[in-house]
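Asker: Before we start, here is the structure in question, set down as structure tokens.
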Amino acid sequence: MSSPRRSVHSTDPADQPLLEVSGLRTQFYTDRGTVTAVDGVDLSLTSGEIVGLVGESGSGKSVLARSVMGLVDDPGEITDGDVRLNDESLVNADDERLNELRGGTVSMVFQDPMHSLNPTLSVGEQIAETVRLNQDIGESVSLSAEIKRKILGAAEDSEAWRRAIEMLETVQIPEAATRADDFPHEFSGGMRQRAMLAIALSCEPDLLIADEPTTALDVTIQAGILDELRALKDAFDTTILLITHNLAVVAETCDWVNVMYAGEIVERAPTSVLFENPSHPYTQGLIASTPRVDDPDAALKPIPGSVPDGVGEQPACKFAKRCPEAKPACYEDPPTFRSVGTDHEVACLRRGTEAERL
Ligand code: SF4
């Protein structure tokens, strides 16, 4: 239903997207019927950007991220569309190629590092392991390598281990050389998330997908991690897709924002434009329901109802049942993207130059 954000006809290499998602549809087959979690999404990321994907829980953000990474598990599958990374199709890639790309060209950081980190290996060893896997350094990866290092000191000065300490320093872990020997449970929540970033970036990926990387952390630590993300983007020239339900995180961190609702992107714009002039009724509702830093006492207006679960018939505009501006046409005519300003597009029948017909 939408068009890519930038022209794919440009001959300037700087304009060529690093990641191009087009018409992506991901469905799950459940006892209750087929759930369409991602429904015809177009998304484009150019090198060096931090692009936000924001929406309520259940809007399909994480499924979209997992679809990009080739991590959709049974009973789900990508049923339509393509994901191209550096113009290579990931949807058509085999498992071997996907494994090569994951942890190499693309890395992902999840919300809960405790579930992503191996509790039986030291943090330093887990980073060194990624370095070895991606740069062909040193011995094979195993618990025995860890034990050997501890007992014999055999790999203590290995390049991979030195790189692990460097990475811990880069993500601001104090006394990195000592803390590298700690196990994940000996790190605080914020340090574990930093360690996950160190692992994800140790393979110097072109693209980092960060799925709610700060949600489990308190506000101060969250701000530190977001600062870190921005600094790391500059240091490693990594492009970042930042997935969050938190508009404040987007405002702080992202160059561009895509607002997602019920499996579809409904608005996209540069971050400053979106916050100055939110156009889609859903985006306006999200902003009105978010506490304001400049006016913490302002009354919040929650969006009534909840995100549809993607099973069965939906109105043509999936937001219609919650939308304060809905008209009968919204139940019949699927909205397509309309321009409402420079680089600012909205999928709503009541926006753009054709809106007056409603
Ligand atoms: S198309 Fe209609 S229901 Fe959907 S967001 Fe626009 S006004 Fe609301």
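Each chain of the structure tokens is named A, B, ... in the order shown, its residues numbered from 1; ligands are numbered from 1 in display order.
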Give as a compact mmCIF listing (two decimals) with N, CA and C atoms, in the first residue's frame the residues surrounding ligand 1 up to a distance of 12 Å, considering only C-alpha atoms and all ligand atoms.
Answerer:
# COMPACT_ATOMS: atom_id res chain seq x y z
N TYR A 261 1.16 0.44 12.69
CA TYR A 261 -0.09 0.09 13.36
C TYR A 261 -0.67 -1.16 12.69
N ALA A 262 -0.97 -2.17 13.48
CA ALA A 262 -1.62 -3.39 13.00
C ALA A 262 -0.95 -3.96 11.75
N GLU A 264 1.02 -2.48 9.58
CA GLU A 264 1.26 -1.57 8.45
C GLU A 264 2.00 -0.32 8.93
N ILE A 265 2.82 0.25 8.04
CA ILE A 265 3.39 1.57 8.33
C ILE A 265 2.31 2.59 7.95
N VAL A 266 1.99 3.50 8.87
CA VAL A 266 0.93 4.47 8.59
C VAL A 266 1.44 5.90 8.44
N GLU A 267 2.66 6.17 8.90
CA GLU A 267 3.22 7.51 8.73
C GLU A 267 4.74 7.40 8.77
N SER A 279 0.67 13.76 11.69
CA SER A 279 -0.49 13.92 10.81
C SER A 279 -1.50 12.78 10.94
N HIS A 280 -1.03 11.54 11.00
CA HIS A 280 -1.98 10.42 11.07
C HIS A 280 -2.69 10.44 12.43
N PRO A 281 -4.00 10.21 12.44
CA PRO A 281 -4.71 10.21 13.73
C PRO A 281 -4.09 9.24 14.75
N TYR A 282 -3.51 8.14 14.29
CA TYR A 282 -2.87 7.21 15.24
C TYR A 282 -1.62 7.85 15.85
N THR A 283 -0.79 8.49 15.02
CA THR A 283 0.41 9.16 15.54
C THR A 283 0.00 10.25 16.52
N GLN A 284 -1.02 11.00 16.15
CA GLN A 284 -1.50 12.07 17.05
C GLN A 284 -1.97 11.47 18.38
N GLY A 285 -2.64 10.32 18.30
CA GLY A 285 -3.10 9.64 19.52
C GLY A 285 -1.93 9.15 20.37
N GLN A 314 -10.93 -7.18 8.63
CA GLN A 314 -10.60 -5.90 9.25
C GLN A 314 -11.23 -4.80 8.39
N PRO A 315 -11.51 -3.64 9.00
CA PRO A 315 -11.91 -2.51 8.16
C PRO A 315 -10.79 -2.15 7.19
N ALA A 316 -11.12 -1.48 6.09
CA ALA A 316 -10.08 -1.12 5.10
C ALA A 316 -8.97 -0.33 5.78
N CYS A 317 -9.31 0.65 6.60
CA CYS A 317 -8.30 1.28 7.46
C CYS A 317 -8.37 0.58 8.80
N LYS A 318 -7.29 -0.10 9.17
CA LYS A 318 -7.34 -0.92 10.39
C LYS A 318 -7.49 -0.10 11.66
N PHE A 319 -7.27 1.23 11.55
CA PHE A 319 -7.39 2.08 12.73
C PHE A 319 -8.82 2.61 12.89
N ALA A 320 -9.69 2.29 11.93
CA ALA A 320 -11.02 2.93 11.88
C ALA A 320 -11.80 2.81 13.19
N LYS A 321 -11.75 1.62 13.82
CA LYS A 321 -12.58 1.43 15.02
C LYS A 321 -12.10 2.26 16.21
N ARG A 322 -10.87 2.77 16.14
CA ARG A 322 -10.33 3.57 17.25
C ARG A 322 -10.17 5.04 16.87
N CYS A 323 -10.46 5.35 15.61
CA CYS A 323 -10.10 6.68 15.09
C CYS A 323 -11.20 7.70 15.36
N PRO A 324 -10.84 8.85 15.96
CA PRO A 324 -11.86 9.87 16.23
C PRO A 324 -12.35 10.55 14.95
N GLU A 325 -11.66 10.36 13.84
CA GLU A 325 -12.05 11.03 12.59
C GLU A 325 -12.64 10.08 11.56
N ALA A 326 -12.93 8.84 11.96
CA ALA A 326 -13.37 7.84 10.98
C ALA A 326 -14.67 8.23 10.29
N LYS A 327 -14.75 7.95 9.00
CA LYS A 327 -15.96 8.15 8.18
C LYS A 327 -16.31 6.79 7.57
N PRO A 328 -17.53 6.64 7.05
CA PRO A 328 -17.88 5.35 6.45
C PRO A 328 -16.87 4.88 5.41
N ALA A 329 -16.31 5.82 4.61
CA ALA A 329 -15.36 5.43 3.56
C ALA A 329 -14.13 4.73 4.15
N CYS A 330 -13.78 5.05 5.39
CA CYS A 330 -12.59 4.46 6.02
C CYS A 330 -12.74 2.94 6.19
N TYR A 331 -14.00 2.46 6.22
CA TYR A 331 -14.25 1.02 6.37
C TYR A 331 -14.22 0.30 5.03
N GLU A 332 -14.25 1.10 3.94
CA GLU A 332 -14.36 0.51 2.59
C GLU A 332 -13.10 0.68 1.75
N ASP A 333 -12.47 1.87 1.82
CA ASP A 333 -11.35 2.19 0.92
C ASP A 333 -10.02 2.09 1.67
N PRO A 334 -9.13 1.20 1.25
CA PRO A 334 -7.84 1.13 1.95
C PRO A 334 -7.04 2.41 1.72
N PRO A 335 -6.53 3.04 2.78
CA PRO A 335 -5.73 4.25 2.58
C PRO A 335 -4.37 3.91 1.97
N THR A 336 -3.91 4.73 1.04
CA THR A 336 -2.55 4.60 0.50
C THR A 336 -1.76 5.83 0.92
N PHE A 337 -0.45 5.76 0.77
CA PHE A 337 0.37 6.89 1.23
C PHE A 337 0.12 8.13 0.40
N ARG A 338 -0.04 9.25 1.10
CA ARG A 338 -0.15 10.56 0.47
C ARG A 338 0.92 11.45 1.08
N VAL A 346 1.73 9.95 4.73
CA VAL A 346 0.73 9.46 5.68
C VAL A 346 -0.28 8.58 4.94
N ALA A 347 -0.63 7.45 5.54
CA ALA A 347 -1.65 6.58 4.95
C ALA A 347 -2.97 6.81 5.67
N CYS A 348 -3.69 7.85 5.24
CA CYS A 348 -4.98 8.18 5.83
C CYS A 348 -5.82 8.86 4.76
N LEU A 349 -7.07 8.42 4.65
CA LEU A 349 -7.94 8.99 3.62
C LEU A 349 -8.24 10.47 3.86
N ARG A 350 -8.07 10.91 5.09
CA ARG A 350 -8.45 12.29 5.41
C ARG A 350 -7.25 13.22 5.48
N ARG A 351 -6.15 12.81 4.86
CA ARG A 351 -4.96 13.66 4.80
C ARG A 351 -4.49 13.77 3.35
N GLY A 352 -3.72 14.84 3.06
CA GLY A 352 -3.20 15.04 1.71
C GLY A 352 -4.21 15.73 0.83
N GLU A 354 -6.04 14.75 -1.58
CA GLU A 354 -7.30 14.09 -1.97
C GLU A 354 -8.28 14.00 -0.79
N ALA A 355 -7.89 14.51 0.37
CA ALA A 355 -8.68 14.29 1.58
C ALA A 355 -10.05 14.93 1.52
N GLU A 356 -10.18 16.01 0.72
CA GLU A 356 -11.44 16.75 0.73
C GLU A 356 -12.62 15.93 0.20
N ARG A 357 -12.31 14.80 -0.50
CA ARG A 357 -13.44 14.03 -1.04
C ARG A 357 -14.21 13.28 0.07
N LEU A 358 -13.67 13.24 1.26
CA LEU A 358 -14.40 12.54 2.34
C LEU A 358 -15.34 13.49 3.07
Asker: So that I can check the surroundings of A:Leu64, please list as a compact mmCIF listing (two decimals) with all heavy atoms, in the first residue's frame every protein, DNA and RNA residue that reaches within 12 Å of it, counting only C-alpha atoms and ignoring chain neighbours fewer than 6 positions away.
Answerer:
# COMPACT_ATOMS: atom_id res chain seq x y z
N VAL A 21 12.93 -3.00 2.27
CA VAL A 21 11.84 -3.96 2.51
C VAL A 21 10.69 -3.54 1.61
O VAL A 21 10.30 -2.38 1.60
CB VAL A 21 11.40 -3.89 3.99
CG1 VAL A 21 10.19 -4.78 4.24
CG2 VAL A 21 12.55 -4.27 4.91
N SER A 22 10.17 -4.48 0.82
CA SER A 22 9.08 -4.07 -0.08
C SER A 22 7.94 -5.08 -0.04
O SER A 22 8.15 -6.29 -0.19
CB SER A 22 9.59 -3.90 -1.51
OG SER A 22 10.36 -5.00 -1.90
N GLY A 23 6.77 -4.56 0.22
CA GLY A 23 5.55 -5.38 0.20
C GLY A 23 5.61 -6.58 1.13
O GLY A 23 4.97 -7.60 0.87
N LEU A 24 6.33 -6.46 2.24
CA LEU A 24 6.55 -7.64 3.10
C LEU A 24 5.28 -8.03 3.87
O LEU A 24 4.64 -7.19 4.51
CB LEU A 24 7.67 -7.34 4.10
CG LEU A 24 8.15 -8.58 4.86
CD1 LEU A 24 8.96 -9.50 3.95
CD2 LEU A 24 9.01 -8.17 6.07
N ARG A 25 4.95 -9.30 3.77
CA ARG A 25 3.80 -9.82 4.51
C ARG A 25 4.25 -11.06 5.28
O ARG A 25 4.83 -11.99 4.71
CB ARG A 25 2.65 -10.16 3.55
CG ARG A 25 1.42 -10.75 4.24
CD ARG A 25 0.19 -10.75 3.35
NE ARG A 25 -0.29 -9.39 3.15
CZ ARG A 25 -0.24 -8.73 2.00
NH1 ARG A 25 0.25 -9.30 0.92
NH2 ARG A 25 -0.67 -7.49 1.91
N THR A 26 4.01 -11.07 6.58
CA THR A 26 4.35 -12.23 7.42
C THR A 26 3.10 -12.70 8.12
O THR A 26 2.40 -11.91 8.76
CB THR A 26 5.44 -11.86 8.45
OG1 THR A 26 6.56 -11.32 7.77
CG2 THR A 26 5.87 -13.07 9.26
N GLN A 27 2.80 -14.00 7.99
CA GLN A 27 1.57 -14.54 8.57
C GLN A 27 1.86 -15.73 9.47
O GLN A 27 2.85 -16.45 9.27
CB GLN A 27 0.62 -14.95 7.44
CG GLN A 27 0.18 -13.75 6.60
CD GLN A 27 -0.79 -14.10 5.50
OE1 GLN A 27 -0.49 -14.92 4.64
NE2 GLN A 27 -1.96 -13.48 5.52
N THR A 36 -2.22 -12.05 10.31
CA THR A 36 -1.31 -11.27 9.46
C THR A 36 -0.61 -10.25 10.35
O THR A 36 -1.19 -9.23 10.71
CB THR A 36 -2.07 -10.59 8.32
OG1 THR A 36 -2.78 -11.60 7.59
CG2 THR A 36 -1.13 -9.86 7.37
N ALA A 37 0.62 -10.57 10.73
CA ALA A 37 1.34 -9.71 11.68
C ALA A 37 2.03 -8.55 11.00
O ALA A 37 2.18 -7.47 11.57
CB ALA A 37 2.35 -10.54 12.47
N VAL A 38 2.51 -8.78 9.77
CA VAL A 38 3.12 -7.72 8.96
C VAL A 38 2.38 -7.73 7.63
O VAL A 38 2.27 -8.78 7.00
CB VAL A 38 4.63 -7.99 8.75
CG1 VAL A 38 5.23 -6.97 7.81
CG2 VAL A 38 5.37 -7.99 10.08
N ASP A 39 1.86 -6.58 7.23
CA ASP A 39 0.90 -6.59 6.14
C ASP A 39 1.28 -5.60 5.03
O ASP A 39 0.81 -4.47 5.00
CB ASP A 39 -0.49 -6.24 6.70
CG ASP A 39 -1.59 -6.60 5.72
OD1 ASP A 39 -1.28 -7.14 4.65
OD2 ASP A 39 -2.76 -6.33 6.04
N GLY A 40 2.20 -6.03 4.17
CA GLY A 40 2.56 -5.20 3.01
C GLY A 40 3.42 -4.01 3.38
O GLY A 40 3.18 -2.90 2.91
N VAL A 41 4.46 -4.25 4.18
CA VAL A 41 5.30 -3.14 4.65
C VAL A 41 6.41 -2.81 3.65
O VAL A 41 7.08 -3.69 3.12
CB VAL A 41 5.92 -3.50 6.02
CG1 VAL A 41 7.13 -2.60 6.33
CG2 VAL A 41 4.88 -3.35 7.12
N ASP A 42 6.57 -1.53 3.39
CA ASP A 42 7.73 -1.00 2.66
C ASP A 42 8.56 -0.18 3.66
O ASP A 42 8.00 0.61 4.41
CB ASP A 42 7.30 -0.06 1.53
CG ASP A 42 6.55 -0.78 0.44
OD1 ASP A 42 6.75 -1.99 0.28
OD2 ASP A 42 5.75 -0.12 -0.25
N LEU A 43 9.86 -0.40 3.62
CA LEU A 43 10.73 0.31 4.56
C LEU A 43 12.09 0.42 3.89
O LEU A 43 12.55 -0.54 3.27
CB LEU A 43 10.85 -0.51 5.85
CG LEU A 43 11.61 0.06 7.01
CD1 LEU A 43 10.87 1.26 7.59
CD2 LEU A 43 11.77 -1.01 8.10
N LEU A 53 11.23 2.63 14.42
CA LEU A 53 9.98 1.96 14.09
C LEU A 53 9.19 1.96 15.39
O LEU A 53 9.58 1.33 16.37
CB LEU A 53 10.29 0.54 13.64
CG LEU A 53 9.15 -0.31 13.08
CD1 LEU A 53 8.56 0.34 11.83
CD2 LEU A 53 9.65 -1.70 12.73
N VAL A 54 8.10 2.75 15.41
CA VAL A 54 7.40 2.95 16.68
C VAL A 54 5.94 2.54 16.55
O VAL A 54 5.33 2.64 15.48
CB VAL A 54 7.53 4.44 17.12
CG1 VAL A 54 6.76 5.36 16.22
CG2 VAL A 54 7.14 4.63 18.56
N GLY A 58 2.17 -5.14 20.01
CA GLY A 58 1.23 -5.89 19.18
C GLY A 58 1.03 -5.28 17.80
O GLY A 58 0.24 -5.77 17.00
N GLY A 70 15.31 -13.05 8.99
CA GLY A 70 15.07 -14.45 8.61
C GLY A 70 14.82 -15.32 9.82
O GLY A 70 15.18 -16.50 9.83
N LEU A 71 14.21 -14.75 10.85
CA LEU A 71 14.01 -15.49 12.12
C LEU A 71 12.53 -15.73 12.42
O LEU A 71 12.14 -15.78 13.58
CB LEU A 71 14.64 -14.70 13.28
CG LEU A 71 16.16 -14.59 13.28
CD1 LEU A 71 16.63 -13.64 14.38
CD2 LEU A 71 16.81 -15.96 13.48
N VAL A 72 11.71 -15.87 11.40
CA VAL A 72 10.29 -16.16 11.64
C VAL A 72 10.15 -17.67 11.84
O VAL A 72 10.49 -18.45 10.96
CB VAL A 72 9.42 -15.71 10.45
CG1 VAL A 72 7.96 -16.03 10.73
CG2 VAL A 72 9.59 -14.22 10.20
N GLY A 76 4.81 -19.58 11.54
CA GLY A 76 4.73 -18.36 10.74
C GLY A 76 5.62 -18.46 9.51
O GLY A 76 6.53 -19.28 9.45
N GLU A 77 5.36 -17.60 8.54
CA GLU A 77 6.23 -17.51 7.36
C GLU A 77 6.01 -16.19 6.65
O GLU A 77 4.96 -15.55 6.80
CB GLU A 77 5.98 -18.68 6.40
CG GLU A 77 4.58 -18.70 5.82
CD GLU A 77 4.43 -19.77 4.74
OE1 GLU A 77 5.43 -20.23 4.18
OE2 GLU A 77 3.26 -20.14 4.46
N ILE A 78 7.03 -15.81 5.88
CA ILE A 78 6.87 -14.65 5.00
C ILE A 78 6.09 -15.14 3.79
O ILE A 78 6.50 -16.11 3.14
CB ILE A 78 8.25 -14.10 4.58
CG1 ILE A 78 8.95 -13.50 5.80
CG2 ILE A 78 8.11 -13.06 3.48
CD1 ILE A 78 10.38 -13.06 5.55
N GLY A 81 6.41 -10.44 -0.68
CA GLY A 81 7.34 -9.32 -0.57
C GLY A 81 8.79 -9.76 -0.51
O GLY A 81 9.11 -10.94 -0.61
N ASP A 82 9.67 -8.79 -0.31
CA ASP A 82 11.11 -9.07 -0.32
C ASP A 82 11.81 -8.20 0.71
O ASP A 82 11.31 -7.14 1.10
CB ASP A 82 11.69 -8.81 -1.72
CG ASP A 82 13.01 -9.53 -1.95
OD1 ASP A 82 13.46 -10.28 -1.05
OD2 ASP A 82 13.60 -9.35 -3.02
N VAL A 83 12.97 -8.69 1.14
CA VAL A 83 13.87 -7.92 2.00
C VAL A 83 15.22 -7.95 1.30
O VAL A 83 15.77 -9.03 1.06
CB VAL A 83 14.02 -8.59 3.39
CG1 VAL A 83 15.04 -7.84 4.23
CG2 VAL A 83 12.69 -8.67 4.11
N ILE A 209 19.90 -4.10 14.25
CA ILE A 209 18.48 -3.99 14.59
C ILE A 209 18.37 -4.09 16.10
O ILE A 209 18.77 -5.09 16.70
CB ILE A 209 17.67 -5.10 13.90
CG1 ILE A 209 17.81 -4.97 12.37
CG2 ILE A 209 16.20 -5.01 14.30
CD1 ILE A 209 17.07 -6.01 11.58
N ASP A 211 15.86 -4.11 19.14
CA ASP A 211 14.43 -4.29 19.44
C ASP A 211 14.18 -3.97 20.91
O ASP A 211 14.57 -4.74 21.78
CB ASP A 211 14.03 -5.74 19.12
CG ASP A 211 12.52 -5.94 19.22
OD1 ASP A 211 11.81 -4.97 19.51
OD2 ASP A 211 12.07 -7.08 19.01
N LEU A 241 18.29 0.21 12.92
CA LEU A 241 16.81 0.20 12.95
C LEU A 241 16.43 0.03 14.42
O LEU A 241 16.70 -1.01 15.03
CB LEU A 241 16.27 -0.96 12.11
CG LEU A 241 14.73 -1.10 12.11
CD1 LEU A 241 14.06 0.14 11.54
CD2 LEU A 241 14.30 -2.34 11.31
N LEU A 242 15.85 1.06 14.98
CA LEU A 242 15.53 1.07 16.41
C LEU A 242 14.03 0.86 16.60
O LEU A 242 13.22 1.68 16.16
CB LEU A 242 15.96 2.40 17.03
CG LEU A 242 15.66 2.60 18.51
CD1 LEU A 242 16.37 1.55 19.36
CD2 LEU A 242 16.11 3.99 18.95
N ILE A 243 13.70 -0.25 17.23
CA ILE A 243 12.29 -0.60 17.42
C ILE A 243 11.87 -0.29 18.85
O ILE A 243 12.55 -0.70 19.80
CB ILE A 243 12.11 -2.11 17.14
CG1 ILE A 243 12.41 -2.35 15.66
CG2 ILE A 243 10.72 -2.59 17.50
CD1 ILE A 243 12.58 -3.78 15.31
N MET A 260 4.08 2.40 13.06
CA MET A 260 3.47 1.14 12.62
C MET A 260 2.20 0.87 13.41
O MET A 260 2.15 1.06 14.63
CB MET A 260 4.48 0.00 12.85
CG MET A 260 4.09 -1.29 12.17
SD MET A 260 5.51 -2.39 12.03
CE MET A 260 4.74 -3.73 11.13
N TYR A 261 1.16 0.44 12.69
CA TYR A 261 -0.09 0.09 13.36
C TYR A 261 -0.67 -1.16 12.69
O TYR A 261 -0.84 -1.20 11.46
CB TYR A 261 -1.11 1.24 13.27
CG TYR A 261 -2.38 0.90 14.01
CD1 TYR A 261 -2.42 0.94 15.40
CD2 TYR A 261 -3.51 0.46 13.34
CE1 TYR A 261 -3.56 0.58 16.09
CE2 TYR A 261 -4.67 0.11 14.02
CZ TYR A 261 -4.68 0.17 15.41
OH TYR A 261 -5.80 -0.20 16.10
N ALA A 262 -0.97 -2.17 13.48
CA ALA A 262 -1.62 -3.39 13.00
C ALA A 262 -0.95 -3.96 11.75
O ALA A 262 -1.60 -4.29 10.77
CB ALA A 262 -3.10 -3.12 12.73
N GLY A 263 0.39 -4.00 11.79
CA GLY A 263 1.14 -4.64 10.71
C GLY A 263 1.45 -3.75 9.53
O GLY A 263 2.07 -4.20 8.56
N GLU A 264 1.02 -2.48 9.58
CA GLU A 264 1.26 -1.57 8.45
C GLU A 264 2.00 -0.32 8.93
O GLU A 264 1.80 0.12 10.06
CB GLU A 264 -0.08 -1.13 7.83
CG GLU A 264 -0.88 -2.29 7.25
CD GLU A 264 -2.25 -1.86 6.75
OE1 GLU A 264 -2.71 -0.77 7.17
OE2 GLU A 264 -2.84 -2.61 5.96
N ILE A 265 2.82 0.25 8.04
CA ILE A 265 3.39 1.57 8.33
C ILE A 265 2.31 2.59 7.95
O ILE A 265 1.77 2.54 6.84
CB ILE A 265 4.66 1.84 7.49
CG1 ILE A 265 5.69 0.72 7.64
CG2 ILE A 265 5.25 3.20 7.83
CD1 ILE A 265 6.41 0.66 8.94
Asker: From stretch 72-229 of chain A, collect each residue whose DSSP state is strand (DSSP E) and return the set as a list of chain:residue names.
Answerer: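 Everything in stretch 72-229 of chain A that counts as strand (DSSP E) is A:Gly76, A:Glu77, A:Ile78, A:Thr79, A:Asp80, A:Gly81, A:Asp82, A:Val83, A:Arg84, A:Leu85, A:Glu88, A:Ser89, A:Val106, A:Ser107, A:Met108, A:Val109, A:Leu207, A:Leu208, A:Ile209, A:Ala210, A:Asp211.
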Asker: Counting only C-alpha atoms, what is within 10 Å of A:Gly224, bar same-chain residues fewer than 6 positions away, as a PDB file with all heavy atoms, in the first residue's frame?
Answerer:
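Below is the file selection-v1.pdb, written as the result:
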ATOM      1  N   VAL A 171      31.920   0.390  24.945  1.00  0.00           N
ATOM      2  CA  VAL A 171      30.549   0.580  25.444  1.00  0.00           C
ATOM      3  C   VAL A 171      30.534   1.023  26.917  1.00  0.00           C
ATOM      4  O   VAL A 171      29.534   0.907  27.608  1.00  0.00           O
ATOM      5  CB  VAL A 171      29.672  -0.688  25.243  1.00  0.00           C
ATOM      6  CG1 VAL A 171      29.485  -0.998  23.775  1.00  0.00           C
ATOM      7  CG2 VAL A 171      30.234  -1.889  25.989  1.00  0.00           C
ATOM      8  N   GLN A 172      31.704   1.539  27.361  1.00  0.00           N
ATOM      9  CA  GLN A 172      31.797   2.197  28.672  1.00  0.00           C
ATOM     10  C   GLN A 172      31.584   1.263  29.860  1.00  0.00           C
ATOM     11  O   GLN A 172      30.971   1.658  30.856  1.00  0.00           O
ATOM     12  CB  GLN A 172      30.769   3.342  28.766  1.00  0.00           C
ATOM     13  CG  GLN A 172      30.729   4.288  27.591  1.00  0.00           C
ATOM     14  CD  GLN A 172      31.812   5.338  27.665  1.00  0.00           C
ATOM     15  OE1 GLN A 172      32.168   5.777  28.745  1.00  0.00           O
ATOM     16  NE2 GLN A 172      32.354   5.725  26.538  1.00  0.00           N
ATOM     17  N   GLY A 190      21.876  -2.594  33.076  1.00  0.00           N
ATOM     18  CA  GLY A 190      22.425  -1.657  32.087  1.00  0.00           C
ATOM     19  C   GLY A 190      23.720  -2.171  31.489  1.00  0.00           C
ATOM     20  O   GLY A 190      23.977  -2.041  30.289  1.00  0.00           O
ATOM     21  N   ARG A 194      24.713  -3.134  27.619  1.00  0.00           N
ATOM     22  CA  ARG A 194      25.926  -2.641  26.973  1.00  0.00           C
ATOM     23  C   ARG A 194      26.753  -3.804  26.437  1.00  0.00           C
ATOM     24  O   ARG A 194      27.342  -3.725  25.350  1.00  0.00           O
ATOM     25  CB  ARG A 194      26.772  -1.828  27.957  1.00  0.00           C
ATOM     26  CG  ARG A 194      26.234  -0.442  28.203  1.00  0.00           C
ATOM     27  CD  ARG A 194      26.918   0.220  29.395  1.00  0.00           C
ATOM     28  NE  ARG A 194      26.145   1.356  29.839  1.00  0.00           N
ATOM     29  CZ  ARG A 194      26.355   2.606  29.433  1.00  0.00           C
ATOM     30  NH1 ARG A 194      27.336   2.877  28.615  1.00  0.00           N
ATOM     31  NH2 ARG A 194      25.593   3.589  29.866  1.00  0.00           N
ATOM     32  N   THR A 214      16.077  -0.640  25.425  1.00  0.00           N
ATOM     33  CA  THR A 214      16.166   0.035  26.722  1.00  0.00           C
ATOM     34  C   THR A 214      14.910  -0.141  27.569  1.00  0.00           C
ATOM     35  O   THR A 214      14.829   0.429  28.656  1.00  0.00           O
ATOM     36  CB  THR A 214      16.409   1.549  26.518  1.00  0.00           C
ATOM     37  OG1 THR A 214      15.331   2.087  25.751  1.00  0.00           O
ATOM     38  CG2 THR A 214      17.709   1.820  25.796  1.00  0.00           C
TER      39      THR A 214
END
Asker: Rounded to one decimal in Å, what is the spacing between atom CA of A:Glu125 and atom CA of A:Thr215?
Answerer: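 Atom-to-atom, atom CA of A:Glu125 and atom CA of A:Thr215 are spaced 25.9 Å apart.
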Asker: Please identify which residues in stretch 154-287 of chain A DSSP calls helix (DSSP H, G or I) from the backbone, and express them as a ChimeraX atom specification.
Answerer: /A:159-170,176-179,184-186,189-202,219-236,247-253,271-276,281-287
Asker: Taking 3 positions as the minimum chain separation for residues in the same chain, which residues sit within 10 Å of A:Gly103 when counting only C-alpha atoms? Answer as a PyMOL selection string.
Answerer: chain A and resi 98-100+106-108+130-131+133-134+199-205+207-208
Asker: Quick one: write out the picked residues with N, CA and C atoms as a compact mmCIF listing (two decimals), in the first residue's frame?
Answerer:
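result-v2.txt was written with the following content:
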# COMPACT_ATOMS: atom_id res chain seq x y z
N LEU A 98 22.08 -16.99 5.31
CA LEU A 98 21.49 -16.15 6.36
C LEU A 98 22.37 -16.16 7.61
N ASN A 99 22.89 -17.35 7.95
CA ASN A 99 23.77 -17.44 9.11
C ASN A 99 25.04 -16.62 8.92
N GLU A 100 25.54 -16.64 7.67
CA GLU A 100 26.73 -15.86 7.35
C GLU A 100 26.46 -14.37 7.58
N VAL A 106 24.64 -8.16 9.51
CA VAL A 106 23.49 -7.69 10.30
C VAL A 106 23.58 -8.28 11.71
N SER A 107 23.32 -7.45 12.70
CA SER A 107 23.26 -7.93 14.08
C SER A 107 21.96 -7.47 14.71
N MET A 108 21.57 -8.16 15.77
CA MET A 108 20.33 -7.76 16.44
C MET A 108 20.54 -7.74 17.95
N THR A 130 32.33 -14.10 19.27
CA THR A 130 31.77 -13.45 18.07
C THR A 130 32.90 -12.95 17.18
N VAL A 131 33.93 -12.38 17.80
CA VAL A 131 35.06 -11.87 17.02
C VAL A 131 35.71 -13.01 16.25
N LEU A 133 34.42 -15.91 15.38
CA LEU A 133 33.53 -16.43 14.34
C LEU A 133 33.52 -15.56 13.10
N ASN A 134 33.62 -14.25 13.32
CA ASN A 134 33.48 -13.34 12.19
C ASN A 134 34.80 -12.94 11.56
N ILE A 199 28.70 -7.17 21.90
CA ILE A 199 28.69 -8.41 21.09
C ILE A 199 28.18 -8.10 19.69
N ALA A 200 27.06 -7.36 19.63
CA ALA A 200 26.43 -7.08 18.33
C ALA A 200 27.36 -6.27 17.43
N LEU A 201 28.14 -5.37 18.04
CA LEU A 201 28.98 -4.49 17.22
C LEU A 201 30.37 -5.05 16.98
N SER A 202 30.72 -6.11 17.72
CA SER A 202 32.08 -6.65 17.59
C SER A 202 32.32 -7.22 16.20
N CYS A 203 31.24 -7.54 15.49
CA CYS A 203 31.44 -8.02 14.12
C CYS A 203 31.29 -6.88 13.11
N GLU A 204 31.25 -5.65 13.63
CA GLU A 204 31.18 -4.46 12.79
C GLU A 204 30.10 -4.60 11.71
N PRO A 205 28.84 -4.76 12.15
CA PRO A 205 27.77 -4.96 11.17
C PRO A 205 27.46 -3.69 10.39
N LEU A 207 24.37 -3.22 9.51
CA LEU A 207 23.03 -2.92 10.02
C LEU A 207 22.84 -3.54 11.40
N LEU A 208 22.41 -2.71 12.35
CA LEU A 208 22.08 -3.21 13.69
C LEU A 208 20.58 -3.02 13.90
Asker: One decimal, Å: what's the distance from atom CA of A:Val250 over to atom CA of A:Val68, could you say?
Answerer: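 So the answer is 20.2 Å.
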Asker: Nearest to A:Leu286: which of A:Asn246, A:Thr105, A:Gln222, A:Thr34 is it, counting only C-alpha atoms?
Answerer: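 Looking at the shortest contact to A:Leu286, the residue is A:Asn246.
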Asker: To one decimal place, how far is atom CA of A:Glu56 from atom CA of A:His245 in Å?
Answerer: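 Those two atoms sit 5.3 Å apart.
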Asker: Would you mind listing what lies within 8 Å of A:Glu166 as a list in words, with only C-alpha atoms counted and same-chain residues fewer than 4 positions away left out?
Answerer: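 What passes the distance filter is Arg162, Thr170 and Ala176 of chain A.
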